[in-house]
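Read through the structure below, which is laid out as structure tokens, and then see the notes.
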Amino acid sequence: MAAVTIFGSASLHSSTADPVGGGSLRRSSALRLLPSSSTPARFFGFRGSRISCRSSAPAHSAISGSKESELKSGPKDFLHISDFDKATILKIINQAAEVKALLKSGDRTFLPFKGKTMAMIFAKPSMRTRVSFETGFFLLGGHAIYLGPDDIQMGKREETRDVARVLSRYNDIIMARVFAHQDILDLAKYSSVPVINGLTDYNHPCQIMADALTIIEHIGQLEGTKIVYVGDGNNIVHSWLLLASVVPFHFVCACPKGFEPDEKTVDKARNAGISKIEITNDPKEAVRGADVVYSDVWASMGQKEEAAYRKQKFQGFQIDESLMEIAGPKAYFMHCLPAERGIEVTDGVIEAPNSIVFPQAENRMHAQNAIMLHLFGL
């Protein structure tokens, strides 16, 4: 089977400097996505550690305190894609593909999370986020603990900073899916163990890492692709923009007037000078020549009382068969799910052969496994 490269030779800006390699973005950096026979030993060697019983500190992880975290290169937490450089993002995507191939082979001997626990905070419920994190952590040897909306009531029954300090002493890593972005920032600030952003109202970095892996698997590369998002300028769009500030591709957001993404985030992506960024109110013009057409619900969780109003405002922004025809026969359809079929997308588009929404959903688990491996330094 041929290897797939993350970056091919095509580039949007041939003269733009590579922020990681220092050269032109036309330069190929062919990172292999297929595992070699030595993958577990070469990439993911698990270093066991002796447990000592000390009253002065918890004896629970390879990354158990702030001093140990400072010794690691890069951020302690995974909160925004743009917190990392291109090389690190590509390394994580590469690890995701490697570990995915290992699990698909039926091999269950790679257990880097053995003896580790993860606290999963859900202020917002989610099937995909819970199952992908819990299953992925289990398959690699760990144990995940689900904490639902009524278990903590973070910020109401107990302050976020206290929750972070307590859970840090019980667990090796924390994942949180919350409403306010400040909550994830506070968790990370006061936690002594890594914190993963499972979703906030501002961004959804784990989803976009899974999306990037999916695009690479189906198209062969991310650089040079045209990704067109049609719908509300929401947290998914913000995450795509943050990725575009690090990795070069052409990103277009087509949304109704008044529903554009956050201006500061758009400016950040444009000012990075890495990718071509377009914000438009014309979905038909936007999708021409797209490699990927992407959608999300028009009213997210916490906006359901606006559903009728938004449905009216979003007329003309449904992704249907005619819009996909304009995009062209090679365009893939993606959706982060759950989808409201017949609202933002037709049933026919989701069920079409060029729809990759279910491989995309599966890749949540593999991308998240790789994110956790990175944060653990494994």
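The way I read the labels, and the way they are meant: chains A, B, ... in the order of the structure tokens, residue 1 as the first residue of every chain, and ligand 1 as the first ligand shown, with later ones counted on from there.
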
| task | as a ChimeraX atom specification, please: all residues of stretch 36-267 of chain A that backbone DSSP puts in alpha helix (DSSP H). | result | /A:39-43,66-71,86-104,127-139,149-152,160-170,181-190,205-219,235-244,263-267

| query | Which residues, written as a VMD selection string, have at least one atom at most 7 Å from stretch 276-279 of chain A, with only C-alpha atoms counted and residues fewer than 2 positions away on the same chain left out? | reply | chain A and resid 249 to 254 270

| field | Nearest-residue call for A:Met118, choices A:Ala361, A:Leu242, A:Ala269, A:Val193, using only C-alpha atoms | value | A:Val193

| said: Which residues are close to A:Pro261, i.e. within 12 Å by only C-alpha atoms, leaving aside same-chain residues fewer than 5 positions away? Reply as a ChimeraX atom specification. | reply: /A:201-203,229-242,252-256,266-269,277-281

| query | So which residues touch A:Leu167 within 10 Å, counting only C-alpha atoms, skipping near sequence neighbours fewer than 6 positions away, as a list in words? | reply | Met118, Ala119, Met120, Ile173, Ile174, Leu187, Ser191, Ser192 and Val193 of chain A

I need the residues in stretch 42-277 of chain A that are strand (DSSP E or B) according to DSSP; give them as a PDB file with N, CA and C atoms, in the first residue's frame.
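Produced file out.pdb, reproduced below:
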```
ATOM      1  N   PHE A  78      -4.229  21.101  25.738  1.00  0.00           N
ATOM      2  CA  PHE A  78      -4.677  21.203  24.350  1.00  0.00           C
ATOM      3  C   PHE A  78      -5.968  22.008  24.352  1.00  0.00           C
ATOM      4  N   THR A 117      -5.791   7.479  34.727  1.00  0.00           N
ATOM      5  CA  THR A 117      -7.219   7.786  34.747  1.00  0.00           C
ATOM      6  C   THR A 117      -7.457   9.166  34.145  1.00  0.00           C
ATOM      7  N   MET A 118      -8.615   9.303  33.522  1.00  0.00           N
ATOM      8  CA  MET A 118      -9.007  10.571  32.925  1.00  0.00           C
ATOM      9  C   MET A 118     -10.369  10.987  33.470  1.00  0.00           C
ATOM     10  N   ALA A 119     -10.468  12.228  33.932  1.00  0.00           N
ATOM     11  CA  ALA A 119     -11.751  12.796  34.338  1.00  0.00           C
ATOM     12  C   ALA A 119     -12.366  13.503  33.133  1.00  0.00           C
ATOM     13  N   MET A 120     -13.610  13.166  32.819  1.00  0.00           N
ATOM     14  CA  MET A 120     -14.307  13.774  31.682  1.00  0.00           C
ATOM     15  C   MET A 120     -15.462  14.620  32.211  1.00  0.00           C
ATOM     16  N   ILE A 121     -15.337  15.937  32.080  1.00  0.00           N
ATOM     17  CA  ILE A 121     -16.358  16.868  32.560  1.00  0.00           C
ATOM     18  C   ILE A 121     -17.285  17.234  31.399  1.00  0.00           C
ATOM     19  N   PHE A 122     -18.580  16.988  31.575  1.00  0.00           N
ATOM     20  CA  PHE A 122     -19.557  17.289  30.531  1.00  0.00           C
ATOM     21  C   PHE A 122     -20.600  18.266  31.055  1.00  0.00           C
ATOM     22  N   HIS A 143      -8.410   4.297  32.165  1.00  0.00           N
ATOM     23  CA  HIS A 143      -9.771   4.279  32.702  1.00  0.00           C
ATOM     24  C   HIS A 143     -10.304   5.709  32.730  1.00  0.00           C
ATOM     25  N   ALA A 144     -11.480   5.915  32.127  1.00  0.00           N
ATOM     26  CA  ALA A 144     -12.082   7.246  32.057  1.00  0.00           C
ATOM     27  C   ALA A 144     -13.285   7.327  32.985  1.00  0.00           C
ATOM     28  N   ILE A 145     -13.446   8.481  33.621  1.00  0.00           N
ATOM     29  CA  ILE A 145     -14.543   8.702  34.575  1.00  0.00           C
ATOM     30  C   ILE A 145     -15.445   9.798  34.032  1.00  0.00           C
ATOM     31  N   TYR A 146     -16.726   9.482  33.838  1.00  0.00           N
ATOM     32  CA  TYR A 146     -17.691  10.437  33.293  1.00  0.00           C
ATOM     33  C   TYR A 146     -18.305  11.269  34.416  1.00  0.00           C
ATOM     34  N   LEU A 147     -18.256  12.582  34.254  1.00  0.00           N
ATOM     35  CA  LEU A 147     -18.859  13.513  35.205  1.00  0.00           C
ATOM     36  C   LEU A 147     -19.853  14.372  34.427  1.00  0.00           C
ATOM     37  N   MET A 154     -20.109  22.790  37.751  1.00  0.00           N
ATOM     38  CA  MET A 154     -18.916  23.627  37.862  1.00  0.00           C
ATOM     39  C   MET A 154     -19.259  25.101  37.710  1.00  0.00           C
ATOM     40  N   GLU A 158     -19.569  24.484  42.840  1.00  0.00           N
ATOM     41  CA  GLU A 158     -18.158  24.540  43.225  1.00  0.00           C
ATOM     42  C   GLU A 158     -17.390  25.370  42.189  1.00  0.00           C
ATOM     43  N   ILE A 173      -5.208  13.214  33.687  1.00  0.00           N
ATOM     44  CA  ILE A 173      -5.576  14.126  32.613  1.00  0.00           C
ATOM     45  C   ILE A 173      -7.055  14.477  32.767  1.00  0.00           C
ATOM     46  N   ILE A 174      -7.434  15.659  32.298  1.00  0.00           N
ATOM     47  CA  ILE A 174      -8.825  16.120  32.382  1.00  0.00           C
ATOM     48  C   ILE A 174      -9.286  16.528  30.990  1.00  0.00           C
ATOM     49  N   MET A 175     -10.466  16.079  30.603  1.00  0.00           N
ATOM     50  CA  MET A 175     -11.115  16.547  29.382  1.00  0.00           C
ATOM     51  C   MET A 175     -12.408  17.226  29.798  1.00  0.00           C
ATOM     52  N   ALA A 176     -12.695  18.381  29.207  1.00  0.00           N
ATOM     53  CA  ALA A 176     -13.920  19.100  29.568  1.00  0.00           C
ATOM     54  C   ALA A 176     -14.633  19.604  28.321  1.00  0.00           C
ATOM     55  N   ARG A 177     -15.940  19.416  28.315  1.00  0.00           N
ATOM     56  CA  ARG A 177     -16.829  19.913  27.257  1.00  0.00           C
ATOM     57  C   ARG A 177     -17.794  20.877  27.935  1.00  0.00           C
ATOM     58  N   VAL A 195      -5.026  19.438  30.441  1.00  0.00           N
ATOM     59  CA  VAL A 195      -6.456  19.649  30.212  1.00  0.00           C
ATOM     60  C   VAL A 195      -6.701  19.694  28.707  1.00  0.00           C
ATOM     61  N   ILE A 196      -7.709  18.969  28.251  1.00  0.00           N
ATOM     62  CA  ILE A 196      -8.077  18.932  26.837  1.00  0.00           C
ATOM     63  C   ILE A 196      -9.417  19.624  26.653  1.00  0.00           C
ATOM     64  N   ASN A 197      -9.479  20.496  25.685  1.00  0.00           N
ATOM     65  CA  ASN A 197     -10.716  21.184  25.326  1.00  0.00           C
ATOM     66  C   ASN A 197     -11.569  20.251  24.478  1.00  0.00           C
ATOM     67  N   GLY A 198     -12.614  19.681  25.077  1.00  0.00           N
ATOM     68  CA  GLY A 198     -13.530  18.800  24.360  1.00  0.00           C
ATOM     69  C   GLY A 198     -14.584  19.560  23.579  1.00  0.00           C
ATOM     70  N   LEU A 199     -14.701  20.844  23.824  1.00  0.00           N
ATOM     71  CA  LEU A 199     -15.568  21.783  23.113  1.00  0.00           C
ATOM     72  C   LEU A 199     -15.898  22.929  24.050  1.00  0.00           C
ATOM     73  N   LYS A 226      -9.026  23.199  -0.873  1.00  0.00           N
ATOM     74  CA  LYS A 226     -10.014  24.253  -0.637  1.00  0.00           C
ATOM     75  C   LYS A 226     -11.133  23.674   0.217  1.00  0.00           C
ATOM     76  N   ILE A 227     -11.271  24.194   1.422  1.00  0.00           N
ATOM     77  CA  ILE A 227     -12.283  23.722   2.370  1.00  0.00           C
ATOM     78  C   ILE A 227     -13.320  24.818   2.517  1.00  0.00           C
ATOM     79  N   VAL A 228     -14.562  24.503   2.208  1.00  0.00           N
ATOM     80  CA  VAL A 228     -15.638  25.492   2.247  1.00  0.00           C
ATOM     81  C   VAL A 228     -16.652  25.098   3.307  1.00  0.00           C
ATOM     82  N   TYR A 229     -16.794  25.933   4.285  1.00  0.00           N
ATOM     83  CA  TYR A 229     -17.794  25.738   5.341  1.00  0.00           C
ATOM     84  C   TYR A 229     -19.013  26.591   5.002  1.00  0.00           C
ATOM     85  N   VAL A 230     -20.202  25.975   5.032  1.00  0.00           N
ATOM     86  CA  VAL A 230     -21.450  26.683   4.727  1.00  0.00           C
ATOM     87  C   VAL A 230     -22.359  26.607   5.945  1.00  0.00           C
ATOM     88  N   HIS A 250      -6.712  26.701   1.771  1.00  0.00           N
ATOM     89  CA  HIS A 250      -7.673  27.736   1.380  1.00  0.00           C
ATOM     90  C   HIS A 250      -8.961  27.486   2.146  1.00  0.00           C
ATOM     91  N   PHE A 251      -9.332  28.405   3.027  1.00  0.00           N
ATOM     92  CA  PHE A 251     -10.542  28.225   3.836  1.00  0.00           C
ATOM     93  C   PHE A 251     -11.551  29.312   3.507  1.00  0.00           C
ATOM     94  N   VAL A 252     -12.784  28.880   3.221  1.00  0.00           N
ATOM     95  CA  VAL A 252     -13.881  29.793   2.910  1.00  0.00           C
ATOM     96  C   VAL A 252     -15.038  29.514   3.864  1.00  0.00           C
ATOM     97  N   CYS A 253     -15.566  30.557   4.468  1.00  0.00           N
ATOM     98  CA  CYS A 253     -16.770  30.446   5.295  1.00  0.00           C
ATOM     99  C   CYS A 253     -17.880  31.222   4.609  1.00  0.00           C
ATOM    100  N   ALA A 254     -18.942  30.520   4.203  1.00  0.00           N
ATOM    101  CA  ALA A 254     -20.114  31.155   3.603  1.00  0.00           C
ATOM    102  C   ALA A 254     -21.237  31.141   4.629  1.00  0.00           C
ATOM    103  N   LYS A 276      -5.072  31.168   2.665  1.00  0.00           N
ATOM    104  CA  LYS A 276      -6.001  32.092   2.023  1.00  0.00           C
ATOM    105  C   LYS A 276      -7.334  31.988   2.754  1.00  0.00           C
ATOM    106  N   ILE A 277      -7.838  33.097   3.268  1.00  0.00           N
ATOM    107  CA  ILE A 277      -9.055  33.123   4.082  1.00  0.00           C
ATOM    108  C   ILE A 277     -10.104  33.989   3.390  1.00  0.00           C
TER     109      ILE A 277
END
```

| Neighbour list for A:Ile371 as a list in words, cut-off 10 Å, only C-alpha atoms, skip fewer than 6 positions in-chain | Asp77, Phe78, Ile89, Lys91, Ile92, Ile93, Gln95, Ala96, Ile196, Cys206, Met209, Met365 and Gly377 of chain A

| request: Kindly give the distance, in Å, that separates atom CA of A:Lys284 and atom CA of A:Thr346, rounded to a single decimal. | output: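 Separation of atom CA of A:Lys284 and atom CA of A:Thr346: 15.9 Å.
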
| said: List as a PyMOL selection string the protein and nucleic acid residues near A:Leu243, meaning an atom at most 8 Å away when only C-alpha atoms are counted, but skip any in the same chain fewer than 6 places from it. | reply: chain A and resi 81-82+208

Would you put the residues from that selection into a file with N, CA, C and O atoms, as a short mmCIF file (atom, residue, chain, number, x, y, z; two decimals), in the first residue's frame?
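Saved file out.cif follows:
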```cif
data_model
loop_
_atom_site.label_atom_id
_atom_site.label_comp_id
_atom_site.auth_asym_id
_atom_site.auth_seq_id
_atom_site.Cartn_x
_atom_site.Cartn_y
_atom_site.Cartn_z
N ILE A 81 -5.82 24.91 18.66
CA ILE A 81 -4.85 24.36 17.71
C ILE A 81 -3.69 25.32 17.50
O ILE A 81 -2.53 24.91 17.37
N SER A 82 -3.97 26.61 17.52
CA SER A 82 -2.93 27.61 17.25
C SER A 82 -1.94 27.76 18.40
O SER A 82 -0.98 28.53 18.29
N ILE A 208 -11.54 19.39 14.76
CA ILE A 208 -10.81 19.81 13.57
C ILE A 208 -9.56 18.96 13.36
O ILE A 208 -9.14 18.72 12.22
#
```

| message | Show me, as a ChimeraX atom specification, the residues that have an atom within 8 Å of A:Gly141 when counting only C-alpha atoms, minus same-chain residues fewer than 2 positions from it. | response | /A:110-116,137-139,143
